[in-house]
$ cat work15.json   # JSON, C-alpha atoms
[["chain", "number", "residue", "atom", "x", "y", "z"],
["A", 1, "MET", "CA", 0.00, 0.00, 0.00],
["A", 2, "ALA", "CA", 1.45, 3.37, -1.08],
["A", 3, "ILE", "CA", 0.75, 6.36, 1.16],
["A", 4, "GLU", "CA", 1.53, 9.98, 0.23],
["A", 5, "ILE", "CA", 1.22, 12.80, 2.76],
["A", 6, "THR", "CA", 2.23, 16.49, 2.78],
["A", 7, "GLU", "CA", 2.52, 18.35, 6.08],
["A", 8, "LYS", "CA", 3.65, 21.89, 7.00],
["A", 9, "MET", "CA", 4.65, 23.73, 10.14],
["A", 10, "THR", "CA", 5.74, 27.31, 10.92],
["A", 11, "ILE", "CA", 8.33, 28.02, 13.61],
["A", 12, "SER", "CA", 9.29, 31.38, 15.14],
["A", 13, "ALA", "CA", 13.05, 30.79, 15.23],
["A", 14, "PRO", "CA", 16.13, 31.65, 13.12],
["A", 15, "MET", "CA", 16.72, 29.51, 10.02],
["A", 16, "GLU", "CA", 20.09, 28.40, 11.44],
["A", 17, "ASN", "CA", 18.39, 26.90, 14.50],
["A", 18, "VAL", "CA", 15.58, 25.26, 12.52],
["A", 19, "TRP", "CA", 17.88, 23.75, 9.89],
["A", 20, "GLY", "CA", 20.30, 22.56, 12.55],
["A", 21, "PHE", "CA", 17.44, 20.78, 14.28],
["A", 22, "ILE", "CA", 15.80, 19.19, 11.25],
["A", 23, "SER", "CA", 19.13, 17.83, 9.97],
["A", 24, "ASP", "CA", 19.92, 16.23, 13.36],
["A", 25, "ALA", "CA", 18.46, 12.70, 13.40],
["A", 26, "GLU", "CA", 18.63, 12.30, 17.18],
["A", 27, "ARG", "CA", 16.88, 15.59, 17.95],
["A", 28, "VAL", "CA", 14.16, 14.82, 15.41],
["A", 29, "ALA", "CA", 13.61, 11.36, 16.91],
["A", 30, "GLN", "CA", 13.30, 12.86, 20.41],
["A", 31, "CYS", "CA", 10.30, 14.88, 19.21],
["A", 32, "MET", "CA", 8.63, 12.04, 17.26],
["A", 33, "PRO", "CA", 6.29, 9.87, 19.37],
["A", 34, "GLY", "CA", 7.49, 6.27, 19.59],
["A", 35, "ALA", "CA", 10.75, 6.85, 17.67],
["A", 36, "GLU", "CA", 14.32, 6.32, 18.81],
["A", 37, "ILE", "CA", 17.79, 6.39, 17.23],
["A", 38, "VAL", "CA", 19.78, 3.41, 18.48],
["A", 39, "GLU", "CA", 22.98, 3.62, 16.41],
["A", 40, "GLN", "CA", 24.85, 5.91, 14.02],
["A", 41, "VAL", "CA", 26.35, 3.91, 11.14],
["A", 42, "ASP", "CA", 28.18, 6.78, 9.42],
["A", 43, "GLU", "CA", 27.86, 10.56, 9.02],
["A", 44, "LYS", "CA", 24.51, 10.28, 7.20],
["A", 45, "THR", "CA", 23.08, 6.86, 8.11],
["A", 46, "TYR", "CA", 21.34, 5.84, 11.34],
["A", 47, "VAL", "CA", 19.65, 2.76, 12.75],
["A", 48, "GLY", "CA", 16.34, 3.56, 14.38],
["A", 49, "LYS", "CA", 13.22, 1.94, 15.74],
["A", 50, "ALA", "CA", 9.61, 3.03, 16.09],
["A", 51, "LYS", "CA", 6.61, 1.62, 17.90],
["A", 52, "VAL", "CA", 2.99, 2.66, 17.43],
["A", 53, "LYS", "CA", -0.12, 1.15, 19.02],
["A", 54, "LEU", "CA", -3.25, 1.46, 16.89],
["A", 55, "GLY", "CA", -6.07, 0.11, 19.01],
["A", 56, "ALA", "CA", -5.59, -3.66, 19.10],
["A", 57, "ILE", "CA", -2.76, -3.51, 16.58],
["A", 58, "THR", "CA", 0.77, -2.72, 17.76],
["A", 59, "THR", "CA", 3.42, -2.19, 15.09],
["A", 60, "ALA", "CA", 7.14, -2.04, 15.82],
["A", 61, "TYR", "CA", 9.74, -1.36, 13.13],
["A", 62, "LYS", "CA", 13.51, -1.36, 13.08],
["A", 63, "GLY", "CA", 15.56, -0.16, 10.13],
["A", 64, "GLU", "CA", 17.88, 2.44, 8.65],
["A", 65, "VAL", "CA", 17.39, 6.07, 7.69],
["A", 66, "SER", "CA", 19.79, 8.02, 5.50],
["A", 67, "PHE", "CA", 20.09, 11.80, 5.04],
["A", 68, "GLU", "CA", 20.60, 12.25, 1.28],
["A", 69, "ASP", "CA", 20.79, 15.18, -1.15],
["A", 70, "VAL", "CA", 21.30, 17.69, 1.67],
["A", 71, "ASP", "CA", 21.56, 21.22, 0.23],
["A", 72, "GLU", "CA", 22.68, 23.57, 2.99],
["A", 73, "ASP", "CA", 22.20, 26.69, 0.84],
["A", 74, "ALA", "CA", 18.73, 25.87, -0.53],
["A", 75, "HIS", "CA", 17.68, 24.27, 2.77],
["A", 76, "THR", "CA", 16.33, 21.12, 1.16],
["A", 77, "MET", "CA", 17.07, 17.46, 1.73],
["A", 78, "ARG", "CA", 15.74, 13.96, 1.25],
["A", 79, "ILE", "CA", 15.62, 11.34, 3.98],
["A", 80, "SER", "CA", 15.19, 7.76, 2.78],
["A", 81, "GLY", "CA", 14.46, 4.83, 5.01],
["A", 82, "SER", "CA", 13.41, 1.22, 5.18],
["A", 83, "GLY", "CA", 12.37, -0.93, 8.08],
["A", 84, "ARG", "CA", 11.00, -4.34, 8.94],
["A", 85, "GLU", "CA", 8.06, -4.94, 11.24],
["A", 86, "THR", "CA", 8.42, -7.54, 13.98],
["A", 87, "GLY", "CA", 5.42, -9.35, 12.48],
["A", 88, "GLY", "CA", 7.01, -9.57, 9.04],
["A", 89, "GLY", "CA", 5.71, -6.44, 7.31],
["A", 90, "THR", "CA", 7.89, -3.77, 5.76],
["A", 91, "ALA", "CA", 7.98, 0.01, 5.40],
["A", 92, "LYS", "CA", 10.04, 1.79, 2.79],
["A", 93, "GLY", "CA", 9.89, 5.40, 1.74],
["A", 94, "THR", "CA", 11.27, 8.90, 1.37],
["A", 95, "LEU", "CA", 10.78, 12.20, 3.16],
["A", 96, "ASP", "CA", 11.55, 15.42, 1.25],
["A", 97, "VAL", "CA", 12.10, 18.43, 3.51],
["A", 98, "THR", "CA", 12.08, 22.10, 2.47],
["A", 99, "ALA", "CA", 12.70, 25.06, 4.78],
["A", 100, "VAL", "CA", 11.71, 28.55, 3.60],
["A", 101, "GLN", "CA", 12.50, 31.81, 5.39],
["A", 102, "GLY", "CA", 9.35, 33.74, 6.17],
["A", 103, "GLU", "CA", 8.63, 37.14, 7.67],
["A", 104, "ASP", "CA", 9.34, 38.19, 11.25],
["A", 105, "GLU", "CA", 11.97, 35.51, 11.93],
["A", 106, "THR", "CA", 9.69, 32.62, 11.01],
["A", 107, "VAL", "CA", 10.56, 29.50, 9.03],
["A", 108, "GLU", "CA", 8.07, 27.29, 7.19],
["A", 109, "LEU", "CA", 8.93, 23.61, 6.94],
["A", 110, "THR", "CA", 7.27, 21.39, 4.32],
["A", 111, "PHE", "CA", 7.42, 17.60, 4.56],
["A", 112, "ASP", "CA", 6.50, 15.50, 1.50],
["A", 113, "ILE", "CA", 6.22, 11.87, 2.57],
["A", 114, "HIS", "CA", 5.93, 8.79, 0.37],
["A", 115, "VAL", "CA", 5.91, 5.37, 2.00],
["A", 116, "ASP", "CA", 5.07, 1.82, 0.86],
["A", 117, "LEU", "CA", 3.67, -0.47, 3.57],
["A", 118, "THR", "CA", 3.09, -4.19, 3.83],
["A", 119, "GLY", "CA", 1.98, -6.33, 6.77],
["A", 120, "LYS", "CA", -0.72, -6.17, 9.44],
["A", 121, "VAL", "CA", -0.80, -2.36, 9.61],
["A", 122, "MET", "CA", -2.64, -2.48, 6.26],
["A", 123, "GLN", "CA", -5.68, -3.85, 8.15],
["A", 124, "MET", "CA", -6.31, -0.27, 9.33],
["A", 125, "GLY", "CA", -6.98, 0.97, 5.80],
["A", 126, "ARG", "CA", -5.54, 3.94, 3.93],
["A", 127, "GLY", "CA", -7.84, 6.54, 5.53],
["A", 128, "MET", "CA", -7.07, 5.46, 9.09],
["A", 129, "ILE", "CA", -3.33, 5.27, 8.44],
["A", 130, "LYS", "CA", -3.34, 8.81, 7.01],
["A", 131, "GLY", "CA", -5.43, 10.04, 9.93],
["A", 132, "VAL", "CA", -3.16, 8.56, 12.57],
["A", 133, "SER", "CA", -0.10, 9.83, 10.67],
["A", 134, "GLY", "CA", -1.62, 13.30, 10.73],
["A", 135, "GLN", "CA", -2.19, 13.11, 14.50],
["A", 136, "LEU", "CA", 1.38, 11.91, 15.05],
["A", 137, "PHE", "CA", 2.68, 14.79, 12.94],
["A", 138, "LYS", "CA", 0.67, 17.29, 15.00],
["A", 139, "GLN", "CA", 2.33, 15.95, 18.14],
["A", 140, "PHE", "CA", 5.76, 16.04, 16.48],
["A", 141, "SER", "CA", 5.09, 19.61, 15.29],
["A", 142, "GLN", "CA", 4.05, 20.70, 18.78],
["A", 143, "ASN", "CA", 7.17, 19.17, 20.32],
["A", 144, "THR", "CA", 9.43, 20.74, 17.67],
["A", 145, "VAL", "CA", 7.92, 24.22, 17.94],
["A", 146, "THR", "CA", 8.08, 24.10, 21.75],
["A", 147, "ALA", "CA", 11.74, 23.05, 21.77],
["A", 148, "LEU", "CA", 12.99, 25.44, 19.06],
["A", 149, "GLU", "CA", 11.09, 28.54, 20.19],
["A", 150, "ALA", "CA", 12.34, 28.04, 23.76],
["A", 151, "GLU", "CA", 15.89, 27.62, 22.43],
["A", 152, "ALA", "CA", 15.57, 30.78, 20.31],
["A", 153, "SER", "CA", 14.37, 32.80, 23.32],
["A", 154, "GLY", "CA", 17.65, 32.15, 25.15],
["A", 155, "ASP", "CA", 15.68, 31.51, 28.34],
["A", 156, "SER", "CA", 17.26, 28.48, 30.04],
["A", 157, "GLU", "CA", 14.22, 27.93, 32.28],
["A", 158, "ALA", "CA", 11.93, 27.99, 29.24],
["A", 159, "ALA", "CA", 14.23, 25.52, 27.47],
["A", 160, "GLU", "CA", 14.11, 23.16, 30.45],
["A", 161, "ALA", "CA", 10.33, 23.45, 30.59],
["A", 162, "ALA", "CA", 10.17, 22.74, 26.85],
["A", 163, "ALA", "CA", 12.29, 19.60, 27.27],
["A", 164, "ALA", "CA", 9.93, 18.42, 30.03],
["A", 165, "ALA", "CA", 6.91, 19.12, 27.80],
["A", 166, "VAL", "CA", 8.44, 17.11, 24.96],
["A", 167, "ALA", "CA", 9.12, 14.19, 27.30],
["A", 168, "GLU", "CA", 5.53, 14.34, 28.55],
["A", 169, "ASN", "CA", 4.14, 14.31, 25.02],
["A", 170, "GLN", "CA", 6.37, 11.37, 24.15],
["A", 171, "ALA", "CA", 4.73, 9.39, 26.95],
["A", 172, "VAL", "CA", 1.21, 9.89, 25.53],
["A", 173, "GLU", "CA", -0.56, 6.61, 24.73],
["A", 174, "VAL", "CA", -0.47, 6.55, 20.95],
["A", 175, "GLY", "CA", -3.46, 4.20, 20.86],
["A", 176, "SER", "CA", -5.66, 7.15, 21.85],
["A", 177, "LEU", "CA", -4.87, 8.66, 18.46],
["A", 178, "VAL", "CA", -7.24, 6.15, 16.87],
["A", 179, "GLY", "CA", -10.17, 7.60, 18.80],
["A", 180, "ARG", "CA", -9.21, 11.14, 17.83],
["A", 181, "THR", "CA", -8.78, 10.10, 14.21],
["A", 182, "LEU", "CA", -12.20, 8.44, 14.08],
["A", 183, "TRP", "CA", -13.81, 11.53, 15.62],
["A", 184, "GLN", "CA", -12.07, 13.80, 13.09],
["A", 185, "MET", "CA", -13.30, 11.60, 10.25],
["A", 186, "VAL", "CA", -16.88, 11.99, 11.54],
["A", 187, "VAL", "CA", -16.46, 15.77, 11.85],
["A", 188, "ASN", "CA", -15.05, 16.03, 8.33],
["A", 189, "PHE", "CA", -17.93, 13.93, 6.96],
["A", 190, "PHE", "CA", -20.55, 16.31, 8.38],
["A", 191, "LYS", "CA", -18.59, 19.34, 7.23],
["A", 192, "LYS", "CA", -18.68, 18.00, 3.69],
["A", 193, "LEU", "CA", -22.35, 17.01, 4.02],
["A", 194, "PHE", "CA", -23.62, 20.37, 5.25],
["A", 195, "GLY", "CA", -20.85, 22.77, 4.28],
["A", 196, "GLY", "CA", -22.21, 23.56, 0.85],
["A", 197, "ARG", "CA", -25.86, 24.03, 1.87],
["A", 198, "SER", "CA", -27.45, 27.41, 2.35],
["A", 199, "GLU", "CA", -29.55, 28.27, 5.43]]

$ encode --input "work15.json" --output "structure tokens"
Amino acid sequence: MAIEITEKMTISAPMENVWGFISDAERVAQCMPGAEIVEQVDEKTYVGKAKVKLGAITTAYKGEVSFEDVDEDAHTMRISGSGRETGGGTAKGTLDVTAVQGEDETVELTFDIHVDLTGKVMQMGRGMIKGVSGQLFKQFSQNTVTALEAEASGDSEAAEAAAAAVAENQAVEVGSLVGRTLWQMVVNFFKKLFGGRSE
């Protein structure tokens, strides 16, 4: 099953800080729920693992990610990765990242994701997988913005509080994302149903 997703986030921090963060595999993993870097193979390749609980289905992957085509001047890069699920499934894909300088010391990050999945996670269906991925990205975005904006402020107490907030968000039961995803699907259905009707 091929899944394609595009996500964006805006951060109030200098480009140098944002690009330094997004090109650091360990810092990115710290902000991504269920993800962990376990080994650095070389200057651009890392071994990582990820675990996500989707209701009754728990998926755990271990594999490699590689930072490729990194353009420091254009602030673009591609991250490719492949992993194997403990139950025998696979995940293989690419993540294209673009950082654009905005106004008032803001940076917009765009993530274009393409991944091919096999295994038991496919039981959830394309819509549910995209929905849960979107919820995970929101949590990642919140963690990233919290950490980088506190760092940019130069306030050590704020930075410590941000680190604690990230750790707390990491501990959230990811299975609860299924409930939120189902609710959002219901909300979106009714928006489409009634959105175009006049009073």

$ closest_residue --input "work15.json" --among "A:Val121, A:Val107, A:Val28, A:Ile129" --to "A:Glu149" --atoms "all atoms listed in the file"
A:Val107

$ atom_distance --input "work15.json" --atom1 "atom CA of A:Thr94" --atom2 "atom CA of A:Met128"
20.2 Å

$ closest_residue --input "work15.json" --among "A:Glu64, A:Asp96, A:Glu36, A:Glu72" --to "A:Glu16" --atoms "all atoms listed in the file"
A:Glu72

$ residues_around --input "work15.json" --residues "A:His75" --least-positions-apart "6" --cutoff "8 Å" --atoms "all atoms listed in the file" --output "PyMOL selection string"
chain A and resi 19+98-100

$ closest_residue --input "work15.json" --among "A:Asp104, A:Ile79, A:Ala147, A:Val41" --to "A:Arg27" --atoms "only C-alpha atoms"
A:Ala147

$ closest_residue --input "work15.json" --among "A:Val52, A:Ala152, A:Ala60, A:Ala25" --to "A:Thr106" --atoms "only C-alpha atoms"
A:Ala152

$ residues_near_point --input "work15.json" --point "(16.3, 5.8, 4.6)" --cutoff "12 Å" --atoms "all atoms listed in the file" --output "ChimeraX atom specification"
/A:25,44-48,62-69,78-83,91-96,113-115

$ residues_around --input "work15.json" --residues "A:Gly89" --least-positions-apart "5" --cutoff "9 Å" --atoms "all atoms listed in the file" --output "ChimeraX atom specification"
/A:61,83-84,117-121

$ write_last_selection --input "work15.json" --atoms "C-alpha atoms" --output "mmCIF file, keeping the file's coordinate frame"
data_model
loop_
_atom_site.group_PDB
_atom_site.id
_atom_site.type_symbol
_atom_site.label_atom_id
_atom_site.label_comp_id
_atom_site.auth_asym_id
_atom_site.auth_seq_id
_atom_site.Cartn_x
_atom_site.Cartn_y
_atom_site.Cartn_z
ATOM 1 C CA TYR A 61 9.740 -1.360 13.130
ATOM 2 C CA GLY A 83 12.370 -0.930 8.080
ATOM 3 C CA ARG A 84 11.000 -4.340 8.940
ATOM 4 C CA LEU A 117 3.670 -0.470 3.570
ATOM 5 C CA THR A 118 3.090 -4.190 3.830
ATOM 6 C CA GLY A 119 1.980 -6.330 6.770
ATOM 7 C CA LYS A 120 -0.720 -6.170 9.440
ATOM 8 C CA VAL A 121 -0.800 -2.360 9.610
#

$ atom_distance --input "work15.json" --atom1 "atom CA of A:Lys130" --atom2 "atom CA of A:Glu4"
8.4 Å

$ atom_distance --input "work15.json" --atom1 "atom CA of A:Leu136" --atom2 "atom CA of A:Thr58"
14.9 Å

$ closest_residue --input "work15.json" --among "A:Asp116, A:Glu151, A:Gln123, A:Gln135" --to "A:Ile3" --atoms "only C-alpha atoms"
A:Asp116

$ closest_residue --input "work15.json" --among "A:Ala13, A:Met77, A:Met122, A:Val18" --to "A:Glu105" --atoms "all atoms listed in the file"
A:Ala13

$ axis_aligned_box --input "work15.json" --around "stretch 82-89 of chain A" --padding-each-side "5 Å" --output "JSON"
{"center_x": 9.4, "center_y": -4.2, "center_z": 9.6, "size_x": 18.0, "size_y": 20.8, "size_z": 18.8}

$ build_atoms --input "work15.json" --residues "stretch 114-149 of chain A" --atoms "N, CA and C atoms" --output "CSV table (one decimal), in the frame of the given file"
chain,number,residue,atom,x,y,z
A,114,HIS,N,6.4,9.9,1.2
A,114,HIS,CA,5.9,8.8,0.4
A,114,HIS,C,6.4,7.5,1.0
A,115,VAL,N,5.5,6.6,1.3
A,115,VAL,CA,5.9,5.4,2.0
A,115,VAL,C,5.1,4.2,1.5
A,116,ASP,N,5.7,3.1,1.3
A,116,ASP,CA,5.1,1.8,0.9
A,116,ASP,C,5.0,0.9,2.0
A,117,LEU,N,3.8,0.4,2.4
A,117,LEU,CA,3.7,-0.5,3.6
A,117,LEU,C,3.2,-1.8,3.2
A,118,THR,N,3.7,-2.8,3.9
A,118,THR,CA,3.1,-4.2,3.8
A,118,THR,C,2.9,-4.7,5.3
A,119,GLY,N,2.1,-5.8,5.4
A,119,GLY,CA,2.0,-6.3,6.8
A,119,GLY,C,0.6,-6.0,7.4
A,120,LYS,N,0.6,-6.3,8.7
A,120,LYS,CA,-0.7,-6.2,9.4
A,120,LYS,C,-1.2,-4.7,9.6
A,121,VAL,N,-0.3,-3.7,9.5
A,121,VAL,CA,-0.8,-2.4,9.6
A,121,VAL,C,-1.8,-2.0,8.5
A,122,MET,N,-1.7,-2.7,7.4
A,122,MET,CA,-2.6,-2.5,6.3
A,122,MET,C,-4.1,-2.8,6.6
A,123,GLN,N,-4.3,-3.6,7.7
A,123,GLN,CA,-5.7,-3.8,8.2
A,123,GLN,C,-6.4,-2.6,8.5
A,124,MET,N,-5.7,-1.5,8.9
A,124,MET,CA,-6.3,-0.3,9.3
A,124,MET,C,-6.9,0.5,8.2
A,125,GLY,N,-6.5,0.3,7.0
A,125,GLY,CA,-7.0,1.0,5.8
A,125,GLY,C,-6.2,2.3,5.6
A,126,ARG,N,-6.3,2.7,4.3
A,126,ARG,CA,-5.5,3.9,3.9
A,126,ARG,C,-6.0,5.2,4.7
A,127,GLY,N,-7.3,5.4,4.9
A,127,GLY,CA,-7.8,6.5,5.5
A,127,GLY,C,-7.4,6.6,7.0
A,128,MET,N,-7.5,5.5,7.7
A,128,MET,CA,-7.1,5.5,9.1
A,128,MET,C,-5.6,5.7,9.2
A,129,ILE,N,-4.8,5.1,8.4
A,129,ILE,CA,-3.3,5.3,8.4
A,129,ILE,C,-3.0,6.7,8.2
A,130,LYS,N,-3.6,7.4,7.2
A,130,LYS,CA,-3.3,8.8,7.0
A,130,LYS,C,-3.8,9.6,8.2
A,131,GLY,N,-4.9,9.3,8.8
A,131,GLY,CA,-5.4,10.0,9.9
A,131,GLY,C,-4.5,10.0,11.1
A,132,VAL,N,-4.1,8.7,11.4
A,132,VAL,CA,-3.2,8.6,12.6
A,132,VAL,C,-1.8,9.2,12.3
A,133,SER,N,-1.3,9.2,11.0
A,133,SER,CA,-0.1,9.8,10.7
A,133,SER,C,-0.2,11.3,10.9
A,134,GLY,N,-1.4,11.9,10.5
A,134,GLY,CA,-1.6,13.3,10.7
A,134,GLY,C,-1.6,13.7,12.2
A,135,GLN,N,-2.2,12.8,13.1
A,135,GLN,CA,-2.2,13.1,14.5
A,135,GLN,C,-0.8,13.0,15.1
A,136,LEU,N,0.0,12.0,14.6
A,136,LEU,CA,1.4,11.9,15.0
A,136,LEU,C,2.2,13.1,14.6
A,137,PHE,N,1.9,13.6,13.4
A,137,PHE,CA,2.7,14.8,12.9
A,137,PHE,C,2.3,16.0,13.8
A,138,LYS,N,1.1,16.2,14.2
A,138,LYS,CA,0.7,17.3,15.0
A,138,LYS,C,1.4,17.3,16.3
A,139,GLN,N,1.6,16.1,16.9
A,139,GLN,CA,2.3,16.0,18.1
A,139,GLN,C,3.8,16.3,17.9
A,140,PHE,N,4.4,15.7,16.8
A,140,PHE,CA,5.8,16.0,16.5
A,140,PHE,C,6.0,17.5,16.3
A,141,SER,N,5.0,18.2,15.6
A,141,SER,CA,5.1,19.6,15.3
A,141,SER,C,5.0,20.4,16.6
A,142,GLN,N,4.2,20.0,17.5
A,142,GLN,CA,4.0,20.7,18.8
A,142,GLN,C,5.3,20.6,19.6
A,143,ASN,N,5.9,19.4,19.6
A,143,ASN,CA,7.2,19.2,20.3
A,143,ASN,C,8.3,20.0,19.7
A,144,THR,N,8.4,20.0,18.4
A,144,THR,CA,9.4,20.7,17.7
A,144,THR,C,9.3,22.2,17.9
A,145,VAL,N,8.1,22.8,17.7
A,145,VAL,CA,7.9,24.2,17.9
A,145,VAL,C,8.3,24.6,19.4
A,146,THR,N,7.8,23.8,20.3
A,146,THR,CA,8.1,24.1,21.8
A,146,THR,C,9.6,24.1,22.0
A,147,ALA,N,10.3,23.1,21.5
A,147,ALA,CA,11.7,23.0,21.8
A,147,ALA,C,12.5,24.2,21.1
A,148,LEU,N,12.2,24.4,19.8
A,148,LEU,CA,13.0,25.4,19.1
A,148,LEU,C,12.7,26.9,19.5
A,149,GLU,N,11.4,27.2,19.8
A,149,GLU,CA,11.1,28.5,20.2
A,149,GLU,C,11.7,28.8,21.6
